[in-house]
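Structure file final_7.cif; described as mmCIF, C-alpha atoms.
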```
data_model
#
loop_
_atom_site.label_atom_id
_atom_site.label_comp_id
_atom_site.auth_asym_id
_atom_site.auth_seq_id
_atom_site.Cartn_x
_atom_site.Cartn_y
_atom_site.Cartn_z
CA MET Q 773 -0.66 -7.19 -14.18
CA GLU Q 774 2.29 -6.22 -16.35
CA PRO Q 775 5.32 -4.95 -14.41
CA ILE Q 776 5.61 -1.18 -14.22
CA VAL Q 777 8.39 1.28 -13.42
CA ARG Q 778 7.86 3.24 -10.24
CA VAL Q 779 9.34 6.06 -8.21
CA GLN Q 780 8.31 5.77 -4.56
CA ASN Q 781 8.62 7.93 -1.46
CA PHE Q 782 10.85 10.40 -3.26
CA MET Q 783 11.25 13.43 -1.02
CA VAL Q 784 11.20 16.89 -2.56
CA SER Q 785 11.44 20.31 -0.94
CA SER Q 786 8.73 22.90 -1.53
CA ASP Q 787 11.12 24.62 -3.95
CA GLY Q 788 11.65 21.42 -5.94
CA PHE Q 789 14.96 20.03 -4.67
CA GLY Q 790 15.58 16.39 -3.81
CA SER Q 791 18.99 17.01 -2.32
CA GLY Q 792 21.12 19.93 -1.22
CA GLU Q 793 24.58 21.01 -2.33
CA GLY Q 794 27.85 19.41 -1.22
CA GLN Q 795 27.23 15.69 -0.69
CA SER Q 796 29.76 14.06 1.62
CA LEU Q 797 30.12 10.96 3.75
CA GLU Q 798 28.70 12.86 6.71
CA ARG Q 799 25.97 14.63 4.72
CA PRO Q 800 24.37 12.32 2.11
CA PHE Q 801 21.88 15.09 1.22
CA GLY Q 802 24.49 17.88 1.21
CA HIS Q 803 23.45 20.96 3.17
CA ALA Q 804 19.82 19.70 3.30
CA ASP Q 805 18.77 17.96 6.49
CA PRO Q 806 17.59 14.39 5.81
CA ALA Q 807 15.73 14.36 9.14
CA VAL Q 808 13.53 17.18 7.86
CA LEU Q 809 12.99 15.59 4.45
CA ALA Q 810 12.29 12.11 5.84
CA GLY Q 811 10.63 12.92 9.15
CA TRP Q 812 7.14 12.10 7.86
CA ALA Q 813 8.34 8.64 6.79
CA GLY Q 814 10.38 7.93 9.91
CA ALA Q 815 7.26 8.40 12.04
CA THR Q 816 5.37 5.58 10.29
CA ALA Q 817 5.07 1.96 11.38
CA HIS Q 818 6.39 0.63 8.06
CA TRP Q 819 9.42 2.90 7.56
CA PRO Q 820 11.94 0.43 6.11
CA ASN Q 821 14.72 1.66 8.38
CA ARG Q 822 12.62 1.43 11.55
CA THR Q 823 14.36 -0.53 14.29
CA GLU Q 824 11.97 0.05 17.20
CA PRO Q 825 8.33 -1.11 17.37
CA GLY Q 826 5.59 1.52 17.15
CA GLY Q 827 4.86 4.21 14.61
CA THR Q 828 1.74 5.55 12.94
CA TYR Q 829 -0.72 3.74 10.65
CA GLY Q 830 -2.28 6.81 9.02
CA LEU Q 831 -2.01 8.05 5.44
CA ASP Q 832 1.79 8.36 5.40
CA ASP Q 833 2.11 4.72 6.40
CA TYR Q 834 0.33 3.60 3.22
CA PHE Q 835 3.27 5.04 1.29
CA THR Q 836 6.05 3.53 3.38
CA ARG Q 837 4.33 0.12 3.52
CA ASP Q 838 4.09 0.14 -0.27
CA PHE Q 839 7.88 0.47 -0.56
CA SER Q 840 8.60 -3.22 -1.19
CA ASN Q 841 5.13 -4.22 -2.40
CA ASN Q 842 5.59 -6.08 -5.71
CA ILE Q 843 9.04 -4.56 -6.30
CA GLY Q 844 11.53 -6.97 -7.89
CA ALA Q 845 14.54 -4.70 -8.51
CA GLU Q 846 15.81 -1.15 -8.02
CA ILE Q 847 17.87 1.14 -10.21
CA MET Q 848 19.78 3.91 -8.45
CA GLY Q 849 22.32 6.52 -9.40
CA ARG Q 850 25.85 6.35 -8.09
CA ASN Q 851 25.32 9.35 -5.82
CA LYS Q 852 22.54 7.53 -4.00
CA PHE Q 853 24.94 4.64 -3.41
CA GLY Q 854 27.76 6.75 -2.03
CA PRO Q 855 29.63 10.06 -1.98
CA GLN Q 856 32.61 8.89 -4.07
CA ARG Q 857 33.23 10.12 -7.61
CA GLY Q 858 35.43 8.66 -10.38
CA PRO Q 859 36.99 5.17 -10.35
CA TRP Q 860 36.16 2.97 -7.35
CA GLU Q 861 39.17 3.22 -5.07
CA ASP Q 862 37.63 1.63 -2.04
CA HIS Q 863 35.59 -1.56 -2.36
CA ASP Q 864 35.05 -1.49 1.38
CA TRP Q 865 32.30 1.06 0.79
CA GLN Q 866 29.08 -0.92 0.52
CA GLY Q 867 26.51 1.87 0.66
CA TRP Q 868 24.97 3.87 3.48
CA TRP Q 869 22.69 1.15 4.79
CA GLY Q 870 24.74 -1.17 6.99
CA ASP Q 871 24.64 -4.96 6.91
CA GLU Q 872 20.97 -5.29 5.91
CA PRO Q 873 20.04 -2.73 3.25
CA PRO Q 874 16.28 -2.15 3.00
CA PHE Q 875 16.00 -3.23 -0.66
CA HIS Q 876 15.99 -7.06 -0.43
CA THR Q 877 16.21 -7.33 -4.25
CA PRO Q 878 18.84 -6.86 -6.95
CA VAL Q 879 19.91 -3.20 -7.12
CA PHE Q 880 21.52 -1.78 -10.26
CA VAL Q 881 23.86 1.14 -9.58
CA LEU Q 882 24.51 3.35 -12.61
CA THR Q 883 28.20 4.19 -12.90
CA HIS Q 884 30.76 4.66 -15.65
CA HIS Q 885 33.33 2.80 -13.55
CA GLU Q 886 33.55 -0.98 -13.28
CA ARG Q 887 33.07 -2.74 -10.01
CA PRO Q 888 32.20 -6.38 -9.18
CA SER Q 889 28.72 -7.21 -7.90
CA PHE Q 890 28.35 -8.07 -4.22
CA SER Q 891 25.59 -9.16 -1.86
CA LEU Q 892 24.74 -7.71 1.51
CA GLY Q 893 21.91 -9.36 3.44
CA GLU Q 894 19.15 -10.02 0.92
CA THR Q 895 20.32 -7.27 -1.44
CA THR Q 896 22.69 -7.75 -4.37
CA PHE Q 897 24.32 -4.66 -5.88
CA HIS Q 898 25.31 -4.69 -9.55
CA PHE Q 899 27.29 -1.84 -11.14
CA VAL Q 900 26.33 -1.03 -14.70
CA ASP Q 901 27.55 1.47 -17.27
CA ALA Q 902 24.35 1.65 -19.28
CA SER Q 903 21.73 3.96 -20.68
CA PRO Q 904 18.40 4.19 -18.82
CA VAL Q 905 16.71 1.88 -21.32
CA GLU Q 906 19.52 -0.71 -21.13
CA ALA Q 907 19.61 -0.60 -17.34
CA LEU Q 908 15.83 -0.97 -17.21
CA SER Q 909 15.97 -3.99 -19.48
CA GLN Q 910 18.42 -5.67 -17.10
CA ALA Q 911 16.39 -4.72 -14.05
CA LEU Q 912 13.13 -6.01 -15.55
CA ARG Q 913 14.77 -9.37 -16.26
CA ALA Q 914 16.11 -9.53 -12.71
CA ALA Q 915 12.72 -8.53 -11.27
CA GLY Q 916 11.09 -11.74 -12.46
CA GLY Q 917 7.76 -10.21 -13.44
CA LYS Q 918 7.59 -7.73 -10.57
CA ASP Q 919 7.89 -3.94 -10.82
CA VAL Q 920 11.12 -1.95 -10.94
CA ARG Q 921 11.76 0.95 -8.58
CA ILE Q 922 13.72 3.96 -9.79
CA GLY Q 923 15.31 4.83 -6.48
CA GLY Q 924 16.91 8.20 -7.26
CA GLY Q 925 18.70 10.48 -6.75
CA VAL Q 926 17.35 13.44 -8.64
CA GLN Q 927 19.58 13.08 -11.69
CA THR Q 928 18.57 9.45 -12.15
CA VAL Q 929 14.86 10.21 -11.81
CA ARG Q 930 15.23 13.02 -14.33
CA GLU Q 931 17.05 10.79 -16.80
CA PHE Q 932 14.31 8.18 -16.60
CA LEU Q 933 11.62 10.86 -16.92
CA ASP Q 934 13.39 12.34 -19.93
CA ALA Q 935 13.51 8.88 -21.52
CA ASP Q 936 9.77 8.49 -20.76
CA LEU Q 937 10.40 5.24 -18.88
CA ILE Q 938 8.49 5.99 -15.67
CA ASP Q 939 4.91 4.76 -15.24
CA THR Q 940 4.08 5.99 -11.74
CA MET Q 941 5.82 8.41 -9.38
CA HIS Q 942 5.13 9.25 -5.76
CA CYS Q 943 6.88 12.33 -4.42
CA ALA Q 944 6.41 13.57 -0.87
CA VAL Q 945 6.70 17.35 -0.97
CA VAL Q 946 8.00 18.60 2.35
CA ASP Q 947 7.34 22.10 3.64
CA VAL Q 948 10.97 23.23 3.65
CA GLU Q 949 13.08 25.26 1.22
CA ILE Q 950 16.52 23.95 0.25
CA GLY Q 951 17.41 26.74 -2.18
CA ARG Q 952 20.23 25.02 -4.06
CA GLY Q 953 21.39 21.52 -4.96
CA GLU Q 954 19.75 18.84 -7.06
CA ARG Q 955 16.49 20.12 -8.48
CA LEU Q 956 13.75 17.73 -9.63
CA TRP Q 957 11.38 20.34 -11.06
CA ASN Q 958 10.47 23.99 -11.17
CA SER Q 959 6.87 22.96 -10.62
CA PRO Q 960 5.23 19.52 -10.46
CA ASP Q 961 2.76 20.86 -13.01
CA ASP Q 962 5.60 20.68 -15.57
CA LEU Q 963 4.76 16.97 -15.87
CA LEU Q 964 1.04 17.35 -16.56
CA ASP Q 965 1.46 16.89 -20.29
CA ARG Q 966 2.40 13.26 -19.69
CA PHE Q 967 1.01 12.41 -16.26
CA HIS Q 968 -2.13 12.54 -14.21
CA LEU Q 969 -1.42 14.20 -10.88
CA GLU Q 970 -3.20 14.01 -7.53
CA LYS Q 971 -1.91 16.22 -4.69
CA ILE Q 972 -2.93 14.75 -1.34
CA PRO Q 973 -2.14 16.76 1.80
CA SER Q 974 -1.23 14.60 4.77
CA PRO Q 975 -1.94 15.49 8.41
CA SER Q 976 1.85 15.30 8.90
CA GLY Q 977 2.30 18.39 6.73
CA VAL Q 978 3.76 16.77 3.62
CA VAL Q 979 1.80 16.79 0.37
CA HIS Q 980 1.88 13.49 -1.45
CA HIS Q 981 2.14 13.99 -5.21
CA LEU Q 982 0.90 10.97 -7.15
CA PHE Q 983 1.73 10.87 -10.85
CA TRP Q 984 0.67 8.20 -13.29
CA ARG Q 985 1.05 8.01 -17.02
CA ARG Q 986 -1.77 9.42 -19.15
CA MET D 123 6.64 -6.93 12.69
CA GLU D 124 4.05 -8.74 14.78
CA PRO D 125 0.90 -9.70 12.88
CA ILE D 126 -2.01 -7.31 13.33
CA VAL D 127 -5.76 -7.48 12.78
CA ARG D 128 -7.02 -5.20 10.02
CA VAL D 129 -10.22 -3.97 8.43
CA GLN D 130 -9.56 -2.79 4.87
CA ASN D 131 -11.54 -0.99 2.19
CA PHE D 132 -14.73 -1.22 4.21
CA MET D 133 -17.33 0.93 2.52
CA VAL D 134 -19.64 3.06 4.65
CA SER D 135 -22.37 5.51 3.65
CA SER D 136 -22.27 9.07 4.90
CA ASP D 137 -24.98 8.12 7.41
CA GLY D 138 -22.92 5.22 8.75
CA PHE D 139 -24.34 2.15 7.00
CA GLY D 140 -22.24 -0.62 5.48
CA SER D 141 -25.19 -2.35 3.86
CA GLY D 142 -28.84 -1.70 3.14
CA GLU D 143 -31.93 -3.61 4.17
CA GLY D 144 -33.16 -6.83 2.57
CA GLN D 145 -30.13 -8.82 1.42
CA SER D 146 -30.94 -11.33 -1.34
CA LEU D 147 -29.15 -13.31 -4.00
CA GLU D 148 -29.73 -10.49 -6.45
CA ARG D 149 -28.91 -7.71 -3.99
CA PRO D 150 -25.95 -8.59 -1.73
CA PHE D 151 -26.12 -5.11 -0.17
CA GLY D 152 -29.91 -5.06 0.15
CA HIS D 153 -31.53 -1.89 -1.15
CA ALA D 154 -28.13 -0.14 -1.24
CA ASP D 155 -26.38 -0.01 -4.61
CA PRO D 156 -22.96 -1.71 -4.47
CA ALA D 157 -21.89 0.18 -7.61
CA VAL D 158 -22.27 3.45 -5.69
CA LEU D 159 -20.50 2.13 -2.59
CA ALA D 160 -17.64 0.52 -4.51
CA GLY D 161 -17.32 2.84 -7.51
CA TRP D 162 -14.20 4.53 -6.13
CA ALA D 163 -12.48 1.14 -5.78
CA GLY D 164 -13.62 -0.24 -9.11
CA ALA D 165 -11.95 2.67 -10.88
CA THR D 166 -8.49 1.79 -9.53
CA ALA D 167 -5.79 -0.27 -11.21
CA HIS D 168 -5.51 -2.70 -8.28
CA TRP D 169 -9.22 -3.40 -7.61
CA PRO D 170 -9.09 -7.13 -6.81
CA ASN D 171 -12.10 -7.87 -9.04
CA ARG D 172 -10.71 -5.99 -12.04
CA THR D 173 -10.70 -8.08 -15.19
CA GLU D 174 -9.67 -5.45 -17.78
CA PRO D 175 -6.32 -3.61 -17.87
CA GLY D 176 -6.26 0.09 -16.98
CA GLY D 177 -7.48 1.98 -13.96
CA THR D 178 -6.13 4.82 -11.86
CA TYR D 179 -2.95 4.94 -9.75
CA GLY D 180 -3.91 7.84 -7.49
CA LEU D 181 -4.72 7.86 -3.78
CA ASP D 182 -7.60 5.37 -3.96
CA ASP D 183 -5.31 2.84 -5.62
CA TYR D 184 -3.03 2.77 -2.56
CA PHE D 185 -5.96 1.33 -0.65
CA THR D 186 -6.98 -1.31 -3.16
CA ARG D 187 -3.38 -2.37 -3.75
CA ASP D 188 -2.94 -2.85 -0.02
CA PHE D 189 -5.80 -5.39 0.04
CA SER D 190 -3.64 -8.51 -0.04
CA ASN D 191 -0.41 -6.94 1.22
CA ASN D 192 0.85 -9.13 4.10
CA ILE D 193 -2.60 -10.66 4.69
CA GLY D 194 -2.51 -14.35 5.65
CA ALA D 195 -6.17 -15.05 6.43
CA GLU D 196 -9.61 -13.44 6.49
CA ILE D 197 -12.53 -13.75 8.88
CA MET D 198 -15.97 -12.92 7.50
CA GLY D 199 -19.53 -13.13 8.71
CA ARG D 200 -21.97 -15.51 7.13
CA ASN D 201 -23.90 -12.69 5.46
CA LYS D 202 -20.81 -11.63 3.56
CA PHE D 203 -20.47 -15.19 2.30
CA GLY D 204 -24.05 -15.53 1.11
CA PRO D 205 -27.70 -14.59 1.51
CA GLN D 206 -28.79 -17.87 3.14
CA ARG D 207 -29.83 -18.11 6.79
CA GLY D 208 -30.13 -21.15 9.08
CA PRO D 209 -28.75 -24.63 8.33
CA TRP D 210 -26.84 -25.01 5.05
CA GLU D 211 -29.30 -26.58 2.63
CA ASP D 212 -27.32 -26.03 -0.50
CA HIS D 213 -23.60 -26.80 -0.60
CA ASP D 214 -23.54 -25.73 -4.22
CA TRP D 215 -23.40 -22.13 -2.99
CA GLN D 216 -19.70 -21.24 -2.84
CA GLY D 217 -19.91 -17.49 -2.28
CA TRP D 218 -20.45 -14.54 -4.61
CA TRP D 219 -17.02 -14.53 -6.19
CA GLY D 220 -16.99 -17.17 -8.93
CA ASP D 221 -14.20 -19.69 -9.49
CA GLU D 222 -11.33 -17.49 -8.30
CA PRO D 223 -12.32 -15.56 -5.17
CA PRO D 224 -10.07 -12.53 -4.53
CA PHE D 225 -8.84 -13.71 -1.12
CA HIS D 226 -6.14 -16.28 -2.01
CA THR D 227 -5.81 -17.28 1.66
CA PRO D 228 -7.76 -19.30 4.20
CA VAL D 229 -11.11 -17.61 4.95
CA PHE D 230 -13.00 -18.34 8.16
CA VAL D 231 -16.76 -17.90 7.83
CA LEU D 232 -18.57 -17.38 11.13
CA THR D 233 -21.73 -19.50 11.28
CA HIS D 234 -23.63 -21.49 13.88
CA HIS D 235 -24.28 -24.22 11.30
CA GLU D 236 -21.76 -26.89 10.35
CA ARG D 237 -20.41 -27.19 6.86
CA PRO D 238 -17.28 -28.89 5.48
CA SER D 239 -14.35 -26.77 4.34
CA PHE D 240 -13.76 -26.42 0.61
CA SER D 241 -11.23 -24.78 -1.70
CA LEU D 242 -11.93 -22.60 -4.69
CA GLY D 243 -8.93 -21.36 -6.67
CA GLU D 244 -6.33 -20.29 -4.10
CA THR D 245 -8.93 -19.66 -1.38
CA THR D 246 -10.03 -22.21 1.24
CA PHE D 247 -13.24 -21.52 3.14
CA HIS D 248 -13.63 -22.88 6.66
CA PHE D 249 -16.92 -22.65 8.58
CA VAL D 250 -16.56 -22.02 12.28
CA ASP D 251 -18.99 -21.67 15.16
CA ALA D 252 -16.74 -19.61 17.39
CA SER D 253 -16.45 -16.42 19.38
CA PRO D 254 -14.42 -13.59 17.83
CA VAL D 255 -11.42 -14.38 20.00
CA GLU D 256 -11.55 -18.09 19.16
CA ALA D 257 -11.97 -17.43 15.45
CA LEU D 258 -9.09 -14.97 15.53
CA SER D 259 -6.86 -17.52 17.22
CA GLN D 260 -7.56 -20.00 14.40
CA ALA D 261 -7.04 -17.35 11.73
CA LEU D 262 -3.74 -16.18 13.21
CA ARG D 263 -2.45 -19.76 13.20
CA ALA D 264 -3.54 -20.19 9.59
CA ALA D 265 -1.99 -16.85 8.61
CA GLY D 266 1.54 -18.08 9.32
CA GLY D 267 2.85 -14.85 10.80
CA LYS D 268 1.00 -12.52 8.45
CA ASP D 269 -1.90 -10.21 9.32
CA VAL D 270 -5.56 -11.17 9.57
CA ARG D 271 -8.24 -9.24 7.71
CA ILE D 272 -11.67 -8.80 9.27
CA GLY D 273 -13.65 -8.75 6.06
CA GLY D 274 -17.09 -7.75 7.31
CA GLY D 275 -20.01 -7.37 7.08
CA VAL D 276 -21.04 -4.73 9.55
CA GLN D 277 -22.10 -7.10 12.31
CA THR D 278 -18.78 -8.94 12.20
CA VAL D 279 -16.76 -5.72 12.28
CA ARG D 280 -18.83 -4.50 15.22
CA GLU D 281 -18.33 -7.78 17.13
CA PHE D 282 -14.56 -7.55 16.67
CA LEU D 283 -14.57 -3.87 17.64
CA ASP D 284 -16.64 -4.66 20.73
CA ALA D 285 -14.15 -7.38 21.67
CA ASP D 286 -11.32 -4.85 21.12
CA LEU D 287 -9.57 -7.17 18.67
CA ILE D 288 -9.01 -4.74 15.79
CA ASP D 289 -5.67 -2.95 15.42
CA THR D 290 -6.22 -0.90 12.26
CA MET D 291 -9.34 -0.08 10.26
CA HIS D 292 -9.73 1.63 6.90
CA CYS D 293 -13.25 2.71 5.99
CA ALA D 294 -14.06 4.51 2.76
CA VAL D 295 -16.95 6.85 3.52
CA VAL D 296 -18.99 7.37 0.37
CA ASP D 297 -21.13 10.46 -0.21
CA VAL D 298 -24.47 8.63 -0.29
CA GLU D 299 -27.19 8.08 2.31
CA ILE D 300 -28.58 4.57 2.75
CA GLY D 301 -31.01 5.40 5.56
CA ARG D 302 -31.62 1.90 6.91
CA GLY D 303 -29.88 -1.45 7.08
CA GLU D 304 -26.65 -2.49 8.78
CA ARG D 305 -25.18 0.44 10.65
CA LEU D 306 -21.48 0.56 11.54
CA TRP D 307 -21.58 3.77 13.58
CA ASN D 308 -23.54 6.87 14.42
CA SER D 309 -20.33 8.84 13.96
CA PRO D 310 -16.75 7.70 13.32
CA ASP D 311 -15.78 9.91 16.24
CA ASP D 312 -17.45 7.32 18.51
CA LEU D 313 -14.20 5.34 18.21
CA LEU D 314 -11.83 8.12 19.24
CA ASP D 315 -11.53 6.84 22.78
CA ARG D 316 -9.63 3.82 21.49
CA PHE D 317 -8.30 4.83 18.07
CA HIS D 318 -6.35 7.52 16.32
CA LEU D 319 -8.28 8.74 13.29
CA GLU D 320 -7.18 10.46 10.10
CA LYS D 321 -9.85 11.56 7.62
CA ILE D 322 -8.34 11.87 4.14
CA PRO D 323 -10.56 13.25 1.35
CA SER D 324 -9.88 11.65 -2.02
CA PRO D 325 -10.30 13.41 -5.38
CA SER D 326 -12.85 10.67 -6.17
CA GLY D 327 -15.19 12.06 -3.52
CA VAL D 328 -14.82 9.36 -0.87
CA VAL D 329 -13.23 10.21 2.47
CA HIS D 330 -10.79 7.58 3.66
CA HIS D 331 -11.05 7.07 7.42
CA LEU D 332 -7.88 5.55 8.88
CA PHE D 333 -8.10 4.24 12.44
CA TRP D 334 -5.30 2.74 14.44
CA ARG D 335 -5.14 1.67 18.03
CA ARG D 336 -4.03 4.25 20.60
#
```

What is this file in structure tokens?
Amino acid sequence: MEPIVRVQNFMVSSDGFGSGEGQSLERPFGHADPAVLAGWAGATAHWPNRTEPGGTYGLDDYFTRDFSNNIGAEIMGRNKFGPQRGPWEDHDWQGWWGDEPPFHTPVFVLTHHERPSFSLGETTFHFVDASPVEALSQALRAAGGKDVRIGGGVQTVREFLDADLIDTMHCAVVDVEIGRGERLWNSPDDLLDRFHLEKIPSPSGVVHHLFWRR
Amino acid sequence: MEPIVRVQNFMVSSDGFGSGEGQSLERPFGHADPAVLAGWAGATAHWPNRTEPGGTYGLDDYFTRDFSNNIGAEIMGRNKFGPQRGPWEDHDWQGWWGDEPPFHTPVFVLTHHERPSFSLGETTFHFVDASPVEALSQALRAAGGKDVRIGGGVQTVREFLDADLIDTMHCAVVDVEIGRGERLWNSPDDLLDRFHLEKIPSPSGVVHHLFWRR
């Protein structure tokens, strides 16, 4: 199969926000509580950040186990990589994920500020000042025939949607209101002109939204 | 993660049958119509037997795309491999799947009758006269740390269930009655003493039944 461009396990509040207001080192999702947004995923056997054995193998697990399935590279926005803004003043910051980030592929971080690439575990971070289409071209080359994940945050997903570069998108809509912050959509139905949409309620309470290009 | 033993994409009628009566070369599922049982899977982008581009990327596709994900070997019953019974009289028969079977791993075929192993594409078939636990031991060694799929048919799945060797099981329950043939269960709830169960209705009309060990 030809490689495709995918958004996976992207968590959205019932009022359409992917992150709250006021990102900081202590609060990567601003005032929103990541434990509430990610609880459904953390309960599954294949949650990439799981450190203990156990977890569920129901519907939600099909989404977390698909995280690395046929993915060859990720593109993320700078705000997913860290809370800093402006020129890189501290190269000691290597992301939120510790010594073994869950990506295990090249990751392209979109930023207007230069920084050398570095590797951490099986993940290599590259910093690119590029348009969505240019960044995607680099990521597809690095992915070696596999798919490319658009990892977020909200602004990055929106930019790739606006450029019509996304083939499939899985959003987990969580039953919580965030009220302000980074908004992905007013309604998921806004995308129906370009995408098929299945809404699949999970026993965990989240509603999986599966979009694929018409 | 430790390797587990999985049933995947196993198709069951609403009255609990995995196959009809009267298997033959022309009718692998006996009087039951495989196009009705497998229609939901054939419509997806990742159906292993797909030859044309296209297909859906909704819920059902998460199940077909998981088919080969982290699978290192399969165990199947003789009736899944072919319609013959008794000693192998015709070694020309190499299964239903043509020159490139969709397994791409070692496959252990349970039979009381000896036959040499052979390879076809990326799949190697071994013929073993063994109990479920013995066959599983061989398959786990061959799987090299990955999971083992119990591929069916019904009798094989039942034998592995009876021996309590199955960790997770996905059955797609199709809205059709078969009436007679190979019955997997009277009710899926029969397994609740040993398994968690989520029943997830798909927009395609099938109901995905996800079991995992308590």

Pull the closest atom pair for each residue of segment 778-841 of chain Q that gets at most 12 Å from segment 124-145 of chain D, along with the distance in Å to one decimal, counting only C-alpha atoms, ordering rows by chain and then ascending residue number, as CSV.
```
residue,atom,partner,partner_atom,distance
Q:Ala817,CA,D:Glu124,CA,11.3
Q:His818,CA,D:Glu124,CA,11.8
Q:Pro825,CA,D:Glu124,CA,9.1
Q:Gly826,CA,D:Glu124,CA,10.6
Q:Tyr829,CA,D:Arg128,CA,11.0
Q:Tyr834,CA,D:Gln130,CA,11.9
```

Dump as JSON lines the rows for residues of chain Q within 8 Å of chain D: closest atom pair and distance in Å with one decimal, all atoms listed in the file counted, ordered by chain and rising residue number.
```
{"residue": "Q:Met773", "atom": "CA", "partner": "D:Pro175", "partner_atom": "CA", "distance": 7.6}
{"residue": "Q:Pro825", "atom": "CA", "partner": "D:Met123", "partner_atom": "CA", "distance": 7.7}
{"residue": "Q:Thr828", "atom": "CA", "partner": "D:Trp334", "partner_atom": "CA", "distance": 7.7}
{"residue": "Q:Tyr829", "atom": "CA", "partner": "D:Trp334", "partner_atom": "CA", "distance": 6.0}
{"residue": "Q:Gly830", "atom": "CA", "partner": "D:Leu332", "partner_atom": "CA", "distance": 5.7}
{"residue": "Q:Leu831", "atom": "CA", "partner": "D:Leu332", "partner_atom": "CA", "distance": 7.2}
{"residue": "Q:Tyr834", "atom": "CA", "partner": "D:Tyr184", "partner_atom": "CA", "distance": 6.7}
{"residue": "Q:Phe835", "atom": "CA", "partner": "D:Tyr184", "partner_atom": "CA", "distance": 7.7}
{"residue": "Q:Asp838", "atom": "CA", "partner": "D:Asp188", "partner_atom": "CA", "distance": 7.6}
{"residue": "Q:Asn841", "atom": "CA", "partner": "D:Asn191", "partner_atom": "CA", "distance": 7.2}
{"residue": "Q:Thr940", "atom": "CA", "partner": "D:Tyr179", "partner_atom": "CA", "distance": 7.4}
{"residue": "Q:Leu969", "atom": "CA", "partner": "D:Gly180", "partner_atom": "CA", "distance": 7.6}
{"residue": "Q:Glu970", "atom": "CA", "partner": "D:Gly180", "partner_atom": "CA", "distance": 6.2}
{"residue": "Q:Ile972", "atom": "CA", "partner": "D:Leu181", "partner_atom": "CA", "distance": 7.5}
{"residue": "Q:Ser974", "atom": "CA", "partner": "D:Ile322", "partner_atom": "CA", "distance": 7.6}
{"residue": "Q:Pro975", "atom": "CA", "partner": "D:Glu320", "partner_atom": "CA", "distance": 7.5}
{"residue": "Q:Leu982", "atom": "CA", "partner": "D:Gly180", "partner_atom": "CA", "distance": 5.7}
{"residue": "Q:Phe983", "atom": "CA", "partner": "D:Gly180", "partner_atom": "CA", "distance": 7.2}
{"residue": "Q:Trp984", "atom": "CA", "partner": "D:Tyr179", "partner_atom": "CA", "distance": 6.0}
```

With distances taken over only C-alpha atoms, which residue among Q:Val979, Q:Leu933, Q:Ile843, Q:Val946 lies nearest Leu963 of chain Q?
Q:Leu933

Please write as JSON, numbers by chain the full residue list that the PyMOL selection byres ((chain Q and resi 923) around 6) yields on this file.
{"Q": [847, 848, 921, 922, 924]}

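Atom CA of Leu147 of chain D is positioned 8.8 Å from atom CA of Trp218 of chain D.
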